[in-house]
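Working notes for the structure below.
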Amino acid sequence: MTHDSSITILVIEDETDSRHLFLTILEAEGFETIGAENGFVGIQQAQKYLPDLIICDIMMPDMDGYNVLNALRQDPLTAIIPFIFLTGSHEKTALRKGMELGADDYITKPSTIEELLKAIAIRLEKQALLRYWYATKSHQLPESLALEPEFVFPSRPQLKEVFDYIEAHYHEGITLSDVAEAVGYSAAYLTNRVAKETGDTVNGWILQRRMAAARPLLKNTNKTIEQISNALGYQNACHFSRQFRQHHGLPPKAWRKQQQSSQFYKKPPLLLGNTSTPWQKCLLV
């Protein structure tokens with residue numbers, strides 16, 4: 001069974017034969033693929049192409065998978081991309097470390113192609129549901145509520161200072177470092193604390209706040225995409241458009257047109273499990 005070729009998967013694997021095997025299998029299943037031979041290249045490719053999903057080996061020289069994931073989760077452009085680790089370790093401490101950094105799933109080597117495709121399907125289906133919700137539900141809330149911090153931020157008294165700062169400055173192009181400095185914590189400590197309390201990163205909440213402000217501006221005003229991006233603290237409209245597309249499943253112009261025509265976007269579920277290709281009996285090592 002082949003799939004929508006618009007779905008792009010990035011494979012970060014330093015072992016050449018294994019990387020080529022993954023890419024060949026995924027291409028045979030109909031996916032667009034990008035390969036990266038190390039963590040540094042993987043981060044660059046993720047930031048450049050914004051793939052729909054990333055598969056990354058943990059044990060790599062120079063930069064391991066943990067550092068790759070940590071870097072991607074702190075970048076607003078790549079923070080919400082589903083991320084699957086490849087690992088030869090069954091140790092709980094290794095698995096726990098990755099989950100604390102924000103990994104979505106693990107595939108333990110060796111594994112079958114069926115296991116790989118099932119893991120990919122689960123992550124992409126979850127992402128599709130989130131996109132559907134944002135496209136069909138979130139805009140239905142009253143506009144006054146959509147602009148309120150209570151709509152965006154969870155009720156966490158111990159993080160009120162963090163969320164208050166984001167609310168006051170999200171339109172100024174702030175980053176994790178700015179928030180951390182304002183509340184007196186290191187960026188790493190604040191990232192872990194916010195993630196444990198809310199399930200999302202500081203950059204993730206900044207992004208959500210900007211998106212909450214972007215939707216009514218797109219829907220109810222005639223401001224250009226560039227004007228809206230500037231109002232939300234983006235240095236250029238391309239950066240805003242990439243983040244909006246990744247967050248909502250549509251670029252801002254298409255989303256605006258959809259709202260104006262009252263036609264809702266729905267991305268169909270992705271079913272990858274019922275395939276009988278020869279790849280199913282292969283082992284990934």
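Chain labels run A, B, ... following the order of the structure tokens; each chain numbers its residues from 1, and ligands are numbered from 1 in the order shown.
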Please give the complete set of residues from region 12-138 of chain A that DSSP, run on the backbone, assigns to helix (DSSP H, G or I), formatted as JSON, numbers by chain.
{"A": [16, 17, 18, 19, 20, 21, 22, 23, 24, 25, 26, 27, 28, 39, 40, 41, 42, 43, 44, 45, 46, 47, 48, 49, 65, 66, 67, 68, 69, 70, 71, 72, 73, 92, 93, 94, 95, 96, 97, 98, 99, 100, 101, 113, 114, 115, 116, 117, 118, 119, 120, 121, 122, 123, 124, 125, 126, 127, 128, 129, 130, 131, 132, 133, 134, 135, 136, 138]}
I'd like the neighbourhood of region 51-58 of chain A as a ChimeraX atom specification, where a residue qualifies if any of its atoms comes within 9 Å (using only C-alpha atoms), though same-chain residues fewer than 5 positions away should be ignored.
/A:7-14,33-34,39,42,45-46,64-66,68-69,78,81-88,120,123-124,127,246
Applying 10 Å and only C-alpha atoms, which residues near Asn67 (chain A) remain after dropping the ones on its own chain fewer than 4 positions away? List them as a compact mmCIF listing (two decimals) with all heavy atoms, in the first residue's frame.
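Written file, selection.txt:
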# COMPACT_ATOMS: atom_id res chain seq x y z
N GLY A 39 23.99 14.02 13.14
CA GLY A 39 23.05 14.89 13.82
C GLY A 39 23.07 16.33 13.35
O GLY A 39 22.02 16.98 13.25
N PHE A 40 24.26 16.85 13.05
CA PHE A 40 24.37 18.24 12.60
C PHE A 40 23.62 18.44 11.28
O PHE A 40 22.85 19.39 11.12
CB PHE A 40 25.84 18.63 12.43
CG PHE A 40 26.61 18.64 13.72
CD1 PHE A 40 27.53 17.64 14.01
CD2 PHE A 40 26.40 19.63 14.67
CE1 PHE A 40 28.23 17.63 15.20
CE2 PHE A 40 27.10 19.64 15.87
CZ PHE A 40 28.02 18.63 16.14
N ILE A 43 19.75 18.22 11.80
CA ILE A 43 19.12 19.45 12.29
C ILE A 43 18.95 20.45 11.15
O ILE A 43 17.90 21.09 11.00
CB ILE A 43 19.96 20.06 13.43
CG1 ILE A 43 19.89 19.16 14.66
CG2 ILE A 43 19.47 21.46 13.77
CD1 ILE A 43 20.84 19.58 15.78
N ILE A 58 19.91 6.97 18.03
CA ILE A 58 20.42 7.59 19.25
C ILE A 58 21.94 7.64 19.25
O ILE A 58 22.55 8.68 19.47
CB ILE A 58 19.91 6.85 20.50
CG1 ILE A 58 18.41 7.05 20.67
CG2 ILE A 58 20.63 7.35 21.75
CD1 ILE A 58 17.82 6.37 21.88
N ASP A 62 29.89 12.41 17.53
CA ASP A 62 29.86 13.88 17.56
C ASP A 62 28.58 14.43 18.19
O ASP A 62 28.63 15.14 19.19
CB ASP A 62 30.05 14.47 16.16
CG ASP A 62 31.39 14.07 15.56
OD1 ASP A 62 32.38 13.99 16.32
OD2 ASP A 62 31.45 13.84 14.34
N MET A 63 27.44 14.13 17.61
CA MET A 63 26.17 14.58 18.18
C MET A 63 25.19 13.41 18.22
O MET A 63 24.80 12.89 17.17
CB MET A 63 25.57 15.73 17.38
CG MET A 63 24.17 16.14 17.84
SD MET A 63 23.45 17.53 16.92
CE MET A 63 24.22 18.91 17.76
N ALA A 71 17.81 20.00 20.47
CA ALA A 71 17.95 21.17 19.61
C ALA A 71 16.67 21.43 18.82
O ALA A 71 16.22 22.57 18.69
CB ALA A 71 19.13 20.98 18.65
N LEU A 72 16.06 20.38 18.30
CA LEU A 72 14.85 20.53 17.50
C LEU A 72 13.67 20.99 18.35
O LEU A 72 12.84 21.78 17.90
CB LEU A 72 14.51 19.22 16.80
CG LEU A 72 15.50 18.75 15.74
CD1 LEU A 72 15.08 17.40 15.17
CD2 LEU A 72 15.64 19.78 14.62
N ARG A 73 13.58 20.50 19.58
CA ARG A 73 12.46 20.88 20.45
C ARG A 73 12.56 22.33 20.93
O ARG A 73 11.56 22.93 21.32
CB ARG A 73 12.40 19.94 21.65
CG ARG A 73 11.87 18.53 21.30
CD ARG A 73 10.43 18.59 20.89
NE ARG A 73 9.87 17.26 20.63
CZ ARG A 73 9.63 16.77 19.43
NH1 ARG A 73 9.92 17.49 18.35
NH2 ARG A 73 9.10 15.56 19.27
N GLY A 98 14.90 9.89 26.64
CA GLY A 98 14.35 10.38 25.39
C GLY A 98 12.94 10.91 25.54
O GLY A 98 12.58 11.95 24.96
N LEU A 101 12.86 14.32 27.02
CA LEU A 101 13.26 15.35 26.06
C LEU A 101 12.17 15.64 25.04
O LEU A 101 12.27 16.62 24.30
CB LEU A 101 14.55 14.93 25.34
CG LEU A 101 15.82 14.96 26.18
CD1 LEU A 101 16.98 14.34 25.41
CD2 LEU A 101 16.17 16.39 26.59
For Ser177 (chain A), which of A:Gly102, A:Phe240, A:Asp75, A:Thr108 is the closest residue, counting only C-alpha atoms?
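Among A:Gly102, A:Phe240, A:Asp75, A:Thr108, it is A:Asp75 that comes nearest to Ser177 (chain A).
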I'd like to know which of A:Gln258, A:Thr198, A:Thr224, A:Asn236 is closest to Ser155 (chain A), using only C-alpha atoms.
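Distance minimum relative to Ser155 (chain A) lands on A:Thr198.
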Pick from A:Asn220, A:Gln74, A:Gln260, A:Thr16 nearest to Trp205 (chain A), counting only C-alpha atoms:
A:Gln74
Would you please give, as a PyMOL selection string, all residues of region 41-247 of chain A that DSSP assigns to strand (DSSP E) based on the backbone?
chain A and resi 53-57+83-87+105-108+111-112
Suppose we keep N, CA, C and O atoms; can you now write the selection as a PDB file, in the first residue's frame?
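Output below, filename part-v7.pdb:
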ATOM      1  N   LEU A  53       7.732  14.026   9.707  1.00  0.00           N
ATOM      2  CA  LEU A  53       8.148  13.114  10.774  1.00  0.00           C
ATOM      3  C   LEU A  53       9.654  12.896  10.675  1.00  0.00           C
ATOM      4  O   LEU A  53      10.216  12.923   9.574  1.00  0.00           O
ATOM      5  N   ILE A  54      10.287  12.677  11.838  1.00  0.00           N
ATOM      6  CA  ILE A  54      11.731  12.442  11.881  1.00  0.00           C
ATOM      7  C   ILE A  54      12.005  11.115  12.568  1.00  0.00           C
ATOM      8  O   ILE A  54      11.441  10.825  13.627  1.00  0.00           O
ATOM      9  N   ILE A  55      12.856  10.299  11.954  1.00  0.00           N
ATOM     10  CA  ILE A  55      13.348   9.064  12.551  1.00  0.00           C
ATOM     11  C   ILE A  55      14.839   9.255  12.790  1.00  0.00           C
ATOM     12  O   ILE A  55      15.579   9.605  11.861  1.00  0.00           O
ATOM     13  N   CYS A  56      15.289   9.034  14.018  1.00  0.00           N
ATOM     14  CA  CYS A  56      16.674   9.371  14.359  1.00  0.00           C
ATOM     15  C   CYS A  56      17.308   8.299  15.231  1.00  0.00           C
ATOM     16  O   CYS A  56      16.715   7.876  16.232  1.00  0.00           O
ATOM     17  N   ASP A  57      18.504   7.864  14.854  1.00  0.00           N
ATOM     18  CA  ASP A  57      19.272   6.943  15.690  1.00  0.00           C
ATOM     19  C   ASP A  57      19.779   7.681  16.926  1.00  0.00           C
ATOM     20  O   ASP A  57      20.043   8.886  16.882  1.00  0.00           O
ATOM     21  N   PHE A  83       8.697  12.816  16.397  1.00  0.00           N
ATOM     22  CA  PHE A  83      10.083  12.358  16.448  1.00  0.00           C
ATOM     23  C   PHE A  83      10.127  10.945  16.997  1.00  0.00           C
ATOM     24  O   PHE A  83       9.643  10.676  18.099  1.00  0.00           O
ATOM     25  N   ILE A  84      10.709  10.022  16.224  1.00  0.00           N
ATOM     26  CA  ILE A  84      10.828   8.623  16.623  1.00  0.00           C
ATOM     27  C   ILE A  84      12.301   8.260  16.745  1.00  0.00           C
ATOM     28  O   ILE A  84      13.083   8.473  15.815  1.00  0.00           O
ATOM     29  N   PHE A  85      12.682   7.702  17.894  1.00  0.00           N
ATOM     30  CA  PHE A  85      14.058   7.268  18.119  1.00  0.00           C
ATOM     31  C   PHE A  85      14.263   5.838  17.629  1.00  0.00           C
ATOM     32  O   PHE A  85      13.381   4.977  17.768  1.00  0.00           O
ATOM     33  N   LEU A  86      15.461   5.588  17.090  1.00  0.00           N
ATOM     34  CA  LEU A  86      15.938   4.234  16.817  1.00  0.00           C
ATOM     35  C   LEU A  86      16.968   3.893  17.876  1.00  0.00           C
ATOM     36  O   LEU A  86      17.888   4.673  18.122  1.00  0.00           O
ATOM     37  N   THR A  87      16.828   2.756  18.507  1.00  0.00           N
ATOM     38  CA  THR A  87      17.780   2.408  19.554  1.00  0.00           C
ATOM     39  C   THR A  87      17.987   0.905  19.623  1.00  0.00           C
ATOM     40  O   THR A  87      17.072   0.122  19.367  1.00  0.00           O
ATOM     41  N   ASP A 105       8.117   8.408  20.211  1.00  0.00           N
ATOM     42  CA  ASP A 105       8.077   6.946  20.196  1.00  0.00           C
ATOM     43  C   ASP A 105       9.495   6.403  20.066  1.00  0.00           C
ATOM     44  O   ASP A 105      10.434   7.145  19.783  1.00  0.00           O
ATOM     45  N   TYR A 106       9.613   5.095  20.289  1.00  0.00           N
ATOM     46  CA  TYR A 106      10.881   4.383  20.152  1.00  0.00           C
ATOM     47  C   TYR A 106      10.683   3.179  19.244  1.00  0.00           C
ATOM     48  O   TYR A 106       9.643   2.511  19.308  1.00  0.00           O
ATOM     49  N   ILE A 107      11.677   2.902  18.435  1.00  0.00           N
ATOM     50  CA  ILE A 107      11.736   1.636  17.699  1.00  0.00           C
ATOM     51  C   ILE A 107      13.044   0.970  18.092  1.00  0.00           C
ATOM     52  O   ILE A 107      14.122   1.545  17.924  1.00  0.00           O
ATOM     53  N   THR A 108      12.944  -0.222  18.654  1.00  0.00           N
ATOM     54  CA  THR A 108      14.128  -0.943  19.114  1.00  0.00           C
ATOM     55  C   THR A 108      14.660  -1.829  17.994  1.00  0.00           C
ATOM     56  O   THR A 108      13.907  -2.576  17.367  1.00  0.00           O
ATOM     57  N   SER A 111      14.097  -4.585  14.250  1.00  0.00           N
ATOM     58  CA  SER A 111      12.642  -4.542  14.206  1.00  0.00           C
ATOM     59  C   SER A 111      12.179  -4.851  12.786  1.00  0.00           C
ATOM     60  O   SER A 111      12.953  -4.739  11.834  1.00  0.00           O
ATOM     61  N   THR A 112      10.927  -5.223  12.646  1.00  0.00           N
ATOM     62  CA  THR A 112      10.384  -5.509  11.320  1.00  0.00           C
ATOM     63  C   THR A 112       9.907  -4.228  10.671  1.00  0.00           C
ATOM     64  O   THR A 112       9.649  -3.217  11.341  1.00  0.00           O
TER      65      THR A 112
END
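Counting only C-alpha atoms and comparing A:Lys126, A:Lys257, A:Leu77, A:Leu176, the residue that lies closest to Phe244 (chain A) is A:Leu77.
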Measure the distance from CA of Asn222 (chain A) to CA of Ser241 (chain A) in Å and round it to one decimal.
16.4 Å
With only C-alpha atoms as the basis for distance, which of A:Ala212, A:Leu21, A:Ile225, A:Leu50 is at the shortest distance from Gln243 (chain A)?
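For Gln243 (chain A), the nearest of the given residues is A:Leu50.
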Contacts of Val162 (chain A) at 9 Å (only C-alpha atoms; same-chain gap of 2+ positions) as a ChimeraX atom specification
/A:158-160,164-167,179-180,182-183,194,202
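The residue set within 9 Å of Arg215 (chain A), counting only C-alpha atoms and dropping same-chain residues fewer than 3 places from it, reads His139, Ala146, Arg210, Met211, Ala212, Leu218, Lys219, Asn220, Pro252, Trp255 and Arg256 of chain A.
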So, with only C-alpha atoms as the atoms that count, which of A:Leu217, A:Ala36, A:Lys48, A:Asn70 lies closest to Cys238 (chain A)?
A:Lys48
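Close contacts of Asp200 (chain A), defined as residues with an atom at most 12 Å away when counting only C-alpha atoms, with chain neighbours fewer than 4 positions off set aside, comprise Arg73, Gln74, Pro76, Ala79, Ile80, Glu100, Leu101, Gly102, Ala103, Val152, Phe153, Pro154, Leu190, Thr191, Asn192, Arg193, Val194, Ala195, Lys196, Gly204, Trp205, Ile206, Leu207 and Gln208 of chain A.
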